[in-house]
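Chemist: Once you've had a glance at the structure underneath, I'll fire off some questions.
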Amino acid sequence: MRRGEARGKGRGQGLPAQLRNPPGGRDARIMLLALAVDRTGSGLWAASSVLYLTFVTHLSAQQIGVLLGVAGVAGIAGSPLAGRLAGRFPVRPLLIGCHLLRLVTLVLVLVCTGFDALLPVVAVTYLGDRAAKTLEMLFATRAAGERRAAYQALSRSAANAGYGVGAGIAAIGLLVGTTGAYRVLILGNALSFVVAAVLVWRTGEPSGSAVEVARSGGAEPAARGEGEGADAGARGSARGGGPWRDRGYLTFVLLDIPMNLDDSILAVGLPLWLVNRTSAPHALVPAFLVINTVLVVVLQLSVSRRAEGPRRVARAVLLYGVLMLVCCGFLAVATRGGAWVAGAVLLTAALLVTLAELMRSVSSWELAVLLAPQDARAAYLGVAGMSQSIQKSAGPPLLTGVVMAAGPAGWLVLGAAVAGLAVVQSRSCARRLGLGTDRAGAALAAQ
């Protein structure tokens, strides 16, 4: 009764109250603050790195492209590496190590001026960044237990708020535009790693035994049965030994790559489509990020509450596919009409892709945990984290070289493909979790 009352009370609280008293208690609260500080630094880097490499280190556009592409590939290795290490060593010192590693590499960025010297430095920075995100995910699964979905929602709200603050600070430095201003922004990112490491040091190591299987948001008896079946299905499918031999889990990770395309559509597809193929005002480009940041901060917690448990997570995957299909449809028709019509259509597309991101953040996170056997969750989550890294490397070239090159038809094909893959992933996960295709379909229709 007490646990149910506490859960109900948490659901009734607003975002500020839950940030003060998150699932996992004091350690989770400190970790959320560390995450917000880290993402503030990330906002500084994202807004200033390309201009720093252009105007301070004097790299060409081609060199910058190769530099960031190689760094993205290096980031792919960060997730499984972190998962493997977390299976052998405590998460807390590993995360502190990732922060300090990035501190060192960012300082080296300031003293390296040539392409050959910057290439390994930036690559290691991205590897540490991806590893840190995986370790934060592992911390949540252990510290927050069965309320990890609520913690994930809070972490995304804190991260987006921090990212927005960092981008705002960077805008001031970019207005100054001097070499000194660019260097201060890079130092600001390095400083965020110091503060984040100190905050993580103040936490306690989360207990692995705290990990519990998420339950449905429905009645308690049904939720218990559903959670037990899900965990049993995950354990049974993992008997081959490890995530790299678990075909079912690798299938999930593979399908999850296109389930992360909303990130590239927001950051690359929308701005380039607006500039190159529509008559919408260029001043609308910053509005895409504003819409995304505000809605994620405000809505993530509410969305996560409505997508707890295996069946609702499966439904979130289907909703993601629908939202992406409609979003791509709007992008396809944005080329028609005047400037303000195109602007309104693109703003609507930004809204839809943000809603899709909210669905994806719930489904990818929860399914990665539910589908993994509890006694090997660290290694499995490390492999699952690769899907985001792969998408960050492959997504932009796919959009610019294939989808946008094909014109409006390219967006329609992309939307249909993602929607179809969402159906495949939802059914595949339902089978692995022991829900059964018919039962899962009936449950999704009922909700």
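Residue numbering restarts at 1 for every chain of the structure tokens, chains are lettered A, B, ... in their displayed order, and ligands are numbered from 1 as they appear.
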Residues of range 242-304 of chain A that approach range 394-405 of chain A to 10 Å or less, counting only C-alpha atoms: could you list each one with the shortest pair of atoms and its distance in Å to one decimal, rows by chain and increasing residue number, as a tab-separated table?

Modeler:
```
residue	atom	partner	partner_atom	distance
A:Ile257	CA	A:Gly395	CA	9.0
A:Pro258	CA	A:Gly395	CA	8.3
A:Asn260	CA	A:Gly395	CA	8.7
A:Leu261	CA	A:Gly395	CA	6.3
A:Asp262	CA	A:Gly395	CA	9.2
A:Asp263	CA	A:Gly395	CA	8.4
A:Ser264	CA	A:Gly395	CA	5.7
A:Ile265	CA	A:Leu399	CA	7.6
A:Ala267	CA	A:Pro396	CA	8.8
A:Val268	CA	A:Pro396	CA	6.4
A:Gly269	CA	A:Leu399	CA	6.4
A:Leu272	CA	A:Thr400	CA	8.4
A:Trp273	CA	A:Met404	CA	7.4
A:Asn276	CA	A:Met404	CA	9.6
A:Arg277	CA	A:Met404	CA	9.0
```

Chemist: Those selected residues, please, written with N, CA and C atoms and delivered as a PDB file, in the first residue's frame.

Modeler:
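What follows is the written file selection-v7.pdb:
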```
ATOM      1  N   ILE A 257      17.597   1.750 -34.908  1.00  0.00           N
ATOM      2  CA  ILE A 257      18.365   2.786 -35.617  1.00  0.00           C
ATOM      3  C   ILE A 257      17.432   3.723 -36.381  1.00  0.00           C
ATOM      4  N   PRO A 258      16.542   3.223 -37.260  1.00  0.00           N
ATOM      5  CA  PRO A 258      15.605   4.151 -37.916  1.00  0.00           C
ATOM      6  C   PRO A 258      14.603   4.762 -36.951  1.00  0.00           C
ATOM      7  N   ASN A 260      15.377   6.309 -34.471  1.00  0.00           N
ATOM      8  CA  ASN A 260      16.035   7.510 -33.942  1.00  0.00           C
ATOM      9  C   ASN A 260      16.218   8.593 -34.999  1.00  0.00           C
ATOM     10  N   LEU A 261      15.614   8.403 -36.173  1.00  0.00           N
ATOM     11  CA  LEU A 261      15.808   9.365 -37.255  1.00  0.00           C
ATOM     12  C   LEU A 261      15.204  10.733 -36.979  1.00  0.00           C
ATOM     13  N   ASP A 262      14.331  10.821 -35.986  1.00  0.00           N
ATOM     14  CA  ASP A 262      13.771  12.135 -35.649  1.00  0.00           C
ATOM     15  C   ASP A 262      14.880  13.128 -35.307  1.00  0.00           C
ATOM     16  N   ASP A 263      15.969  12.640 -34.718  1.00  0.00           N
ATOM     17  CA  ASP A 263      17.082  13.506 -34.333  1.00  0.00           C
ATOM     18  C   ASP A 263      17.698  14.186 -35.554  1.00  0.00           C
ATOM     19  N   SER A 264      17.985  13.422 -36.600  1.00  0.00           N
ATOM     20  CA  SER A 264      18.573  13.995 -37.809  1.00  0.00           C
ATOM     21  C   SER A 264      17.580  14.853 -38.586  1.00  0.00           C
ATOM     22  N   ILE A 265      16.307  14.477 -38.549  1.00  0.00           N
ATOM     23  CA  ILE A 265      15.298  15.288 -39.242  1.00  0.00           C
ATOM     24  C   ILE A 265      15.217  16.671 -38.615  1.00  0.00           C
ATOM     25  N   ALA A 267      17.589  18.232 -36.682  1.00  0.00           N
ATOM     26  CA  ALA A 267      18.840  18.991 -36.728  1.00  0.00           C
ATOM     27  C   ALA A 267      19.322  19.260 -38.142  1.00  0.00           C
ATOM     28  N   VAL A 268      19.030  18.364 -39.090  1.00  0.00           N
ATOM     29  CA  VAL A 268      19.573  18.485 -40.452  1.00  0.00           C
ATOM     30  C   VAL A 268      18.467  18.647 -41.489  1.00  0.00           C
ATOM     31  N   GLY A 269      17.489  17.748 -41.460  1.00  0.00           N
ATOM     32  CA  GLY A 269      16.479  17.737 -42.508  1.00  0.00           C
ATOM     33  C   GLY A 269      15.641  18.994 -42.578  1.00  0.00           C
ATOM     34  N   LEU A 272      17.769  22.305 -43.679  1.00  0.00           N
ATOM     35  CA  LEU A 272      18.230  22.264 -45.065  1.00  0.00           C
ATOM     36  C   LEU A 272      17.066  22.246 -46.052  1.00  0.00           C
ATOM     37  N   TRP A 273      15.984  21.567 -45.701  1.00  0.00           N
ATOM     38  CA  TRP A 273      14.808  21.547 -46.563  1.00  0.00           C
ATOM     39  C   TRP A 273      14.198  22.938 -46.669  1.00  0.00           C
ATOM     40  N   ASN A 276      16.761  25.143 -48.848  1.00  0.00           N
ATOM     41  CA  ASN A 276      17.020  24.755 -50.236  1.00  0.00           C
ATOM     42  C   ASN A 276      15.786  24.486 -51.079  1.00  0.00           C
ATOM     43  N   ARG A 277      14.661  24.121 -50.440  1.00  0.00           N
ATOM     44  CA  ARG A 277      13.528  23.674 -51.249  1.00  0.00           C
ATOM     45  C   ARG A 277      12.220  24.410 -50.973  1.00  0.00           C
TER      46      ARG A 277
END
```

Chemist: Give me the residues within 7 Å of Leu331 in chain A as a list in words, counting only C-alpha atoms and dropping any in the same chain fewer than 4 places off.

Modeler: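 Residues meeting the cut-off are Cys327, Leu346, Ala349 and Trp411 of chain A.
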
Chemist: With N, CA, C and O atoms retained, write the just-selected residues as a PDB file, in the first residue's frame.

Modeler:
```
ATOM      1  N   CYS A 327       4.650  13.627 -40.195  1.00  0.00           N
ATOM      2  CA  CYS A 327       5.678  14.667 -40.278  1.00  0.00           C
ATOM      3  C   CYS A 327       6.312  14.693 -41.658  1.00  0.00           C
ATOM      4  O   CYS A 327       6.467  15.769 -42.263  1.00  0.00           O
ATOM      5  N   LEU A 346       6.171  23.869 -42.062  1.00  0.00           N
ATOM      6  CA  LEU A 346       7.424  23.406 -41.471  1.00  0.00           C
ATOM      7  C   LEU A 346       7.399  23.487 -39.947  1.00  0.00           C
ATOM      8  O   LEU A 346       7.958  22.623 -39.259  1.00  0.00           O
ATOM      9  N   ALA A 349       5.596  20.527 -38.882  1.00  0.00           N
ATOM     10  CA  ALA A 349       6.481  19.367 -38.980  1.00  0.00           C
ATOM     11  C   ALA A 349       7.436  19.300 -37.787  1.00  0.00           C
ATOM     12  O   ALA A 349       7.712  18.216 -37.258  1.00  0.00           O
ATOM     13  N   TRP A 411      10.647  12.108 -48.978  1.00  0.00           N
ATOM     14  CA  TRP A 411      10.089  12.207 -47.629  1.00  0.00           C
ATOM     15  C   TRP A 411       8.937  11.233 -47.438  1.00  0.00           C
ATOM     16  O   TRP A 411       8.803  10.614 -46.375  1.00  0.00           O
TER      17      TRP A 411
END
```

Chemist: List the spatial neighbours of His282 in chain A as a PyMOL selection string - criterion: any atom at most 9 Å away, only C-alpha atoms, same-chain residues fewer than 6 positions off excluded.

Modeler: chain A and resi 271+274-275

Chemist: Could you make a table, as a Markdown table, of the residues of range 335-421 of chain A that have an atom within 10 Å of an atom of range 64-75 of chain A, each with its nearest atom pair and distance in Å to one decimal, counting only C-alpha atoms, in chain and number order?

Modeler:
```
| residue | atom | partner | partner_atom | distance |
| --- | --- | --- | --- | --- |
| A:Met386 | CA | A:Gly75 | CA | 8.4 |
| A:Gln388 | CA | A:Gly75 | CA | 9.6 |
| A:Ser389 | CA | A:Gly75 | CA | 6.1 |
| A:Ile390 | CA | A:Val73 | CA | 7.3 |
| A:Gln391 | CA | A:Gly72 | CA | 9.4 |
| A:Lys392 | CA | A:Gly72 | CA | 6.8 |
| A:Ser393 | CA | A:Gly72 | CA | 5.4 |
| A:Ala394 | CA | A:Gly72 | CA | 9.2 |
```

Chemist: Choose the residue, out of A:Gln300, A:Thr354, A:Asn189, A:Gln425, that has the smallest atom-to-atom separation from Leu44 in chain A; count only C-alpha atoms.

Modeler: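 Counting only C-alpha atoms, the residue closest to Leu44 in chain A is A:Asn189.
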
Chemist: Taking only C-alpha atoms into account, which of A:Ala144, A:Ile96, A:Ala149, A:Leu138 comes nearest Gly382 in chain A?

Modeler: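 Comparing A:Ala144, A:Ile96, A:Ala149, A:Leu138 against Gly382 in chain A, the winner is A:Leu138.
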